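Notes follow the structure.
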Amino acid sequence: MLLWRRLAALRAAPGPRRLSVAARSGPGAGASSPRPSGDGDGALRPLYMDVQATTPLDPRVLDSMLPYLTAYYGNPHSRTHAYGWESEAAVEKARRQVADLIGADSREIIFTSGATESNNMAIKGVARFYKSRNKHIITTQTEHKCVLDSCRSLEAEGFRVTYLPVQKNGLIDLKELEAAFQPDTGLVSVMTVNNEIGVKQPIHDIGEICRARKVFFHTDAAQAIGKIPMDVNDMKIDLMSISGHKIYGPKGVGAVYVRRRPRVRLEPLQSGGGQERGLRSGTVPTPLAVGLGAACEVAQQEMEYDHKRISQLAERLVTKIMSEVPDVVMNGDREHRYPGCINLSFAYVEGESLLMALKDVALSSGSACTSASLEPSYVLRAIGTDEDLAHSSIRFGIGRFTTEEEVDYTVQKCIQHVKRLREMSPLWEMVQDGIDLKSIKWTQH
């Protein structure tokens, strides 16, 4: 606990810090930019509002990891001495902590390097194991890139994949899902909470549909675990992907839940010493596994409080922006969503320009995994967003450590820069003059 108190005090200590609201509000705050961080001389850093990309490590999680980074360094698979036994005990405790969060048995938790590996393992592993009788997979057009690419990889192996469209609110139509089943459908993969627009799919209903047809159901729950209640038995989930760094745990670790009854079989992606029930060979990194377990335990304790507080902050952000700025669209369903992921499109403003203007707030225009691309978000295109609006979207992420002051500062700067950029936009000027932009026939030179 001493370490946790020390870490909690670091915000006030010298060294690279986040730029405080007071520091930004002084003379010339609008013109100056925060100095780059990392030089150790008290450099100020942007506010962090991108928790869908990654979350800071909770000090309680670091506290639990440190002994296994220093004194307890044994290989958890060494069975002949105390160093191995104590590491193995720590890994098994972490496995129970992960299982408890989702209502699973600890023997159903397989440690991986993160949700990308878990998704690859679940989709490719099930498809290849049952390929003699099941050659059809169902997923959606708004899945994470690693799910879509895994499915495309399987198509090259002779599998057929149905990519279900989503409605304008980002949710799938359950009737379309039921109509998509074929006699040899072996797997359905639907993300619980979307990483770009925050919509929450009807996982319970999907699980019931799949179980009635004896088809395995996989969900990518990286953005949902620890934030909303999840129970694999109640929701009839057969495989689930989990990420450590999305729930205030360490990077480089995740897990895949694989149901034992009715049993789900996987073909492993990598060969080796047969660790993790033979499904994921390789030494389990004890400190990372311990960190994931601790993050799950903390999330279980804090979930109700976090959800209530994040909902209030999200409502504050959306209400303030929409009351001050016209022509703002919230992407995704307003009701069936995780409140901490807010995706707004600001009409007649280029999203990249707004991100550059908001340089003292760390934000994103979409998934961190595809943010290098200048193409509009495929998720926004899938829900029918116009290309111009898709290019004008910003994702605001609110998390456990986000403060009211940070939300208010972000809102203030966002309103200021949207108004400024619109004043510079000829399109905005035409709209103010009553011209319907869709009626104009643009020519290229």
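Each chain of the structure tokens is named A, B, ... in the order shown, its residues numbered from 1; ligands are numbered from 1 in display order.
Listed by chain and then by rising number, the residues of stretch 211-301 of chain A that DSSP assigns to alpha helix (DSSP H) from the backbone are Arg211, Ala212, Thr286, Pro287, Leu288, Ala289, Val290, Gly291, Leu292, Gly293, Ala294, Ala295, Cys296, Glu297, Val298, Ala299, Gln300 and Gln301 of chain A.
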Counting only C-alpha atoms, give me one row per residue of stretch 371-433 of chain A with an atom at most 10 Å from an atom of stretch 332-343 of chain A, showing the shortest contact pair and its distance in Å to one decimal, sorted by chain then residue number, as a tab-separated table.
residue	atom	partner	partner_atom	distance
A:Val379	CA	A:Gly332	CA	9.9
A:Leu380	CA	A:Gly332	CA	8.8
A:Ile383	CA	A:Gly332	CA	7.9
A:Ser393	CA	A:Asn343	CA	6.6
A:Ile394	CA	A:Asn343	CA	5.7
A:Arg395	CA	A:Asn343	CA	4.3
A:Phe396	CA	A:Ile342	CA	5.1
A:Gly397	CA	A:Cys341	CA	5.1
A:Ile398	CA	A:Gly340	CA	4.7
A:Gly399	CA	A:Gly340	CA	6.4
A:Arg400	CA	A:Gly340	CA	9.4
What lies within 12 Å of A:Gln300 using only C-alpha atoms, ignoring chain neighbours under 2 positions off, as an mmCIF file with N, CA, C and O atoms, in the first residue's frame?
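Printed below is around-v3.cif as written:
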data_model
loop_
_atom_site.group_PDB
_atom_site.id
_atom_site.type_symbol
_atom_site.label_atom_id
_atom_site.label_comp_id
_atom_site.auth_asym_id
_atom_site.auth_seq_id
_atom_site.Cartn_x
_atom_site.Cartn_y
_atom_site.Cartn_z
ATOM 1 N N GLN A 97 -8.874 -14.918 -10.901
ATOM 2 C CA GLN A 97 -9.376 -13.539 -10.883
ATOM 3 C C GLN A 97 -10.030 -13.167 -12.218
ATOM 4 O O GLN A 97 -11.075 -12.507 -12.246
ATOM 5 N N VAL A 98 -9.418 -13.582 -13.314
ATOM 6 C CA VAL A 98 -9.996 -13.326 -14.637
ATOM 7 C C VAL A 98 -11.318 -14.083 -14.775
ATOM 8 O O VAL A 98 -12.330 -13.528 -15.220
ATOM 9 N N ALA A 99 -11.303 -15.361 -14.374
ATOM 10 C CA ALA A 99 -12.500 -16.195 -14.493
ATOM 11 C C ALA A 99 -13.654 -15.631 -13.671
ATOM 12 O O ALA A 99 -14.812 -15.609 -14.131
ATOM 13 N N ASP A 100 -13.363 -15.150 -12.464
ATOM 14 C CA ASP A 100 -14.412 -14.621 -11.590
ATOM 15 C C ASP A 100 -15.120 -13.415 -12.203
ATOM 16 O O ASP A 100 -16.315 -13.215 -11.996
ATOM 17 N N LEU A 101 -14.371 -12.609 -12.963
ATOM 18 C CA LEU A 101 -14.956 -11.412 -13.565
ATOM 19 C C LEU A 101 -16.019 -11.751 -14.604
ATOM 20 O O LEU A 101 -16.966 -10.987 -14.807
ATOM 21 N N ILE A 102 -15.887 -12.907 -15.259
ATOM 22 C CA ILE A 102 -16.827 -13.249 -16.339
ATOM 23 C C ILE A 102 -17.687 -14.471 -16.011
ATOM 24 O O ILE A 102 -18.384 -14.992 -16.888
ATOM 25 N N GLY A 103 -17.616 -14.935 -14.759
ATOM 26 C CA GLY A 103 -18.448 -16.067 -14.359
ATOM 27 C C GLY A 103 -18.004 -17.393 -14.942
ATOM 28 O O GLY A 103 -18.830 -18.276 -15.189
ATOM 29 N N ILE A 225 -15.095 -5.906 -21.077
ATOM 30 C CA ILE A 225 -14.697 -6.566 -19.831
ATOM 31 C C ILE A 225 -14.321 -5.528 -18.777
ATOM 32 O O ILE A 225 -13.556 -4.601 -19.045
ATOM 33 N N GLY A 226 -14.849 -5.686 -17.573
ATOM 34 C CA GLY A 226 -14.517 -4.780 -16.478
ATOM 35 C C GLY A 226 -15.258 -3.464 -16.520
ATOM 36 O O GLY A 226 -15.139 -2.652 -15.597
ATOM 37 N N LYS A 227 -16.035 -3.239 -17.591
ATOM 38 C CA LYS A 227 -16.771 -1.971 -17.733
ATOM 39 C C LYS A 227 -18.275 -2.180 -17.640
ATOM 40 O O LYS A 227 -19.003 -1.339 -17.132
ATOM 41 N N ILE A 228 -18.726 -3.325 -18.164
ATOM 42 C CA ILE A 228 -20.128 -3.703 -18.033
ATOM 43 C C ILE A 228 -20.166 -5.151 -17.540
ATOM 44 O O ILE A 228 -19.236 -5.907 -17.796
ATOM 45 N N PRO A 229 -21.225 -5.551 -16.826
ATOM 46 C CA PRO A 229 -21.276 -6.936 -16.329
ATOM 47 C C PRO A 229 -21.311 -7.931 -17.486
ATOM 48 O O PRO A 229 -22.049 -7.762 -18.448
ATOM 49 N N MET A 230 -20.484 -8.973 -17.388
ATOM 50 C CA MET A 230 -20.433 -10.028 -18.400
ATOM 51 C C MET A 230 -20.452 -11.376 -17.691
ATOM 52 O O MET A 230 -19.683 -11.588 -16.755
ATOM 53 N N ILE A 247 -8.161 -2.443 -19.568
ATOM 54 C CA ILE A 247 -8.819 -2.405 -18.257
ATOM 55 C C ILE A 247 -7.825 -1.993 -17.166
ATOM 56 O O ILE A 247 -7.871 -2.497 -16.047
ATOM 57 N N GLY A 293 -4.733 -10.306 -13.795
ATOM 58 C CA GLY A 293 -5.613 -10.785 -12.732
ATOM 59 C C GLY A 293 -6.000 -9.674 -11.773
ATOM 60 O O GLY A 293 -7.182 -9.522 -11.414
ATOM 61 N N ALA A 294 -5.015 -8.873 -11.353
ATOM 62 C CA ALA A 294 -5.288 -7.765 -10.432
ATOM 63 C C ALA A 294 -6.212 -6.732 -11.080
ATOM 64 O O ALA A 294 -7.118 -6.197 -10.429
ATOM 65 N N ALA A 295 -5.985 -6.453 -12.369
ATOM 66 C CA ALA A 295 -6.837 -5.488 -13.082
ATOM 67 C C ALA A 295 -8.281 -5.974 -13.121
ATOM 68 O O ALA A 295 -9.228 -5.184 -12.973
ATOM 69 N N CYS A 296 -8.473 -7.278 -13.323
ATOM 70 C CA CYS A 296 -9.824 -7.846 -13.337
ATOM 71 C C CYS A 296 -10.478 -7.749 -11.960
ATOM 72 O O CYS A 296 -11.665 -7.436 -11.851
ATOM 73 N N GLU A 297 -9.689 -8.012 -10.910
ATOM 74 C CA GLU A 297 -10.243 -7.935 -9.555
ATOM 75 C C GLU A 297 -10.634 -6.496 -9.206
ATOM 76 O O GLU A 297 -11.720 -6.247 -8.655
ATOM 77 N N VAL A 298 -9.770 -5.550 -9.533
ATOM 78 C CA VAL A 298 -10.080 -4.138 -9.272
ATOM 79 C C VAL A 298 -11.303 -3.713 -10.075
ATOM 80 O O VAL A 298 -12.187 -3.014 -9.567
ATOM 81 N N GLU A 302 -14.711 -2.013 -8.724
ATOM 82 C CA GLU A 302 -14.988 -0.615 -9.070
ATOM 83 C C GLU A 302 -16.053 -0.439 -10.150
ATOM 84 O O GLU A 302 -16.432 0.678 -10.472
ATOM 85 N N MET A 303 -16.529 -1.541 -10.753
ATOM 86 C CA MET A 303 -17.344 -1.446 -11.967
ATOM 87 C C MET A 303 -18.573 -0.549 -11.807
ATOM 88 O O MET A 303 -18.821 0.345 -12.619
ATOM 89 N N GLU A 304 -19.325 -0.770 -10.759
ATOM 90 C CA GLU A 304 -20.561 -0.003 -10.575
ATOM 91 C C GLU A 304 -20.261 1.481 -10.394
ATOM 92 O O GLU A 304 -20.894 2.340 -11.020
ATOM 93 N N TYR A 305 -19.277 1.787 -9.547
ATOM 94 C CA TYR A 305 -18.906 3.192 -9.305
ATOM 95 C C TYR A 305 -18.356 3.833 -10.581
ATOM 96 O O TYR A 305 -18.741 4.947 -10.942
ATOM 97 N N ASP A 306 -17.427 3.128 -11.245
ATOM 98 C CA ASP A 306 -16.837 3.653 -12.486
ATOM 99 C C ASP A 306 -17.918 3.955 -13.522
ATOM 100 O O ASP A 306 -17.905 5.018 -14.165
ATOM 101 N N HIS A 307 -18.849 3.012 -13.706
ATOM 102 C CA HIS A 307 -19.878 3.170 -14.739
ATOM 103 C C HIS A 307 -20.752 4.389 -14.459
ATOM 104 O O HIS A 307 -21.061 5.172 -15.369
#
A:Val284 environment, 12 Å, only C-alpha atoms, sequence neighbours closer than 4 positions dropped, as an MDAnalysis selection string: chainID A and resid 73:78 84 87:88 90:92 94:95 110:113 252:255 273:276 280 288:290
Please return, as a PyMOL selection string, all residues of stretch 278-366 of chain A that DSSP assigns to strand (DSSP E) on the basis of the backbone. chain A and resi 328-330+341-346+361-362
Compare A:Leu344, A:Asp105, A:Pro287, A:Pro326 by their minimum atom-to-atom distance to A:Asp231, counting only C-alpha atoms, and give me the closest one.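 Result for the nearest residue to A:Asp231: A:Asp105.
The smallest atom-to-atom distance between A:Lys359 and any of A:Leu47, A:Leu62, A:Met240, A:Val328, using only C-alpha atoms, is found for A:Leu47.
Proximity of A:Arg213, A:Lys251, A:Arg316, A:His417 to A:Gly351, computed with only C-alpha atoms, is greatest for A:His417.
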Could you name the residues that touch stretch 146-148 of chain A at 9 Å or less, counting only C-alpha atoms, but leaving out those on the same chain fewer than 3 positions away, as a PyMOL selection string? chain A and resi 115-117+119-120+123+139-143+151-153+163+189+220
Using only C-alpha atoms, which residues sit within 8 Å of A:Val411 once same-chain residues fewer than 3 positions away are excluded, as a list in words? Leu317, Lys320, Ile321, Val407, Asp408, Cys414 and Ile415 of chain A
Find the residues near A:Gln182: any atom within 12 Å, counting only C-alpha atoms, skip ones fewer than 5 places away on the same chain, and give them as a ChimeraX atom specification. /A:133-138,160-162,177,187-188,210,213-215
Write the residues you've just listed into a file as a compact mmCIF listing (two decimals), in the first residue's frame, and include C-alpha atoms for each of them.
# COMPACT_ATOMS: atom_id res chain seq x y z
CA ARG A 133 -17.87 -30.52 -41.22
CA ASN A 134 -18.19 -26.73 -40.73
CA LYS A 135 -16.98 -24.37 -43.46
CA HIS A 136 -19.14 -21.27 -42.83
CA ILE A 137 -18.55 -18.36 -40.41
CA ILE A 138 -20.74 -15.35 -39.58
CA ARG A 160 -17.09 -19.02 -46.54
CA VAL A 161 -17.70 -15.92 -44.42
CA THR A 162 -20.88 -13.84 -44.14
CA LEU A 177 -28.40 -12.97 -38.25
CA LEU A 187 -18.92 -20.07 -35.67
CA VAL A 188 -20.51 -16.65 -35.06
CA CYS A 210 -26.36 -19.65 -31.50
CA ARG A 213 -28.56 -23.95 -33.44
CA LYS A 214 -25.57 -25.62 -31.73
CA VAL A 215 -23.19 -23.11 -33.31
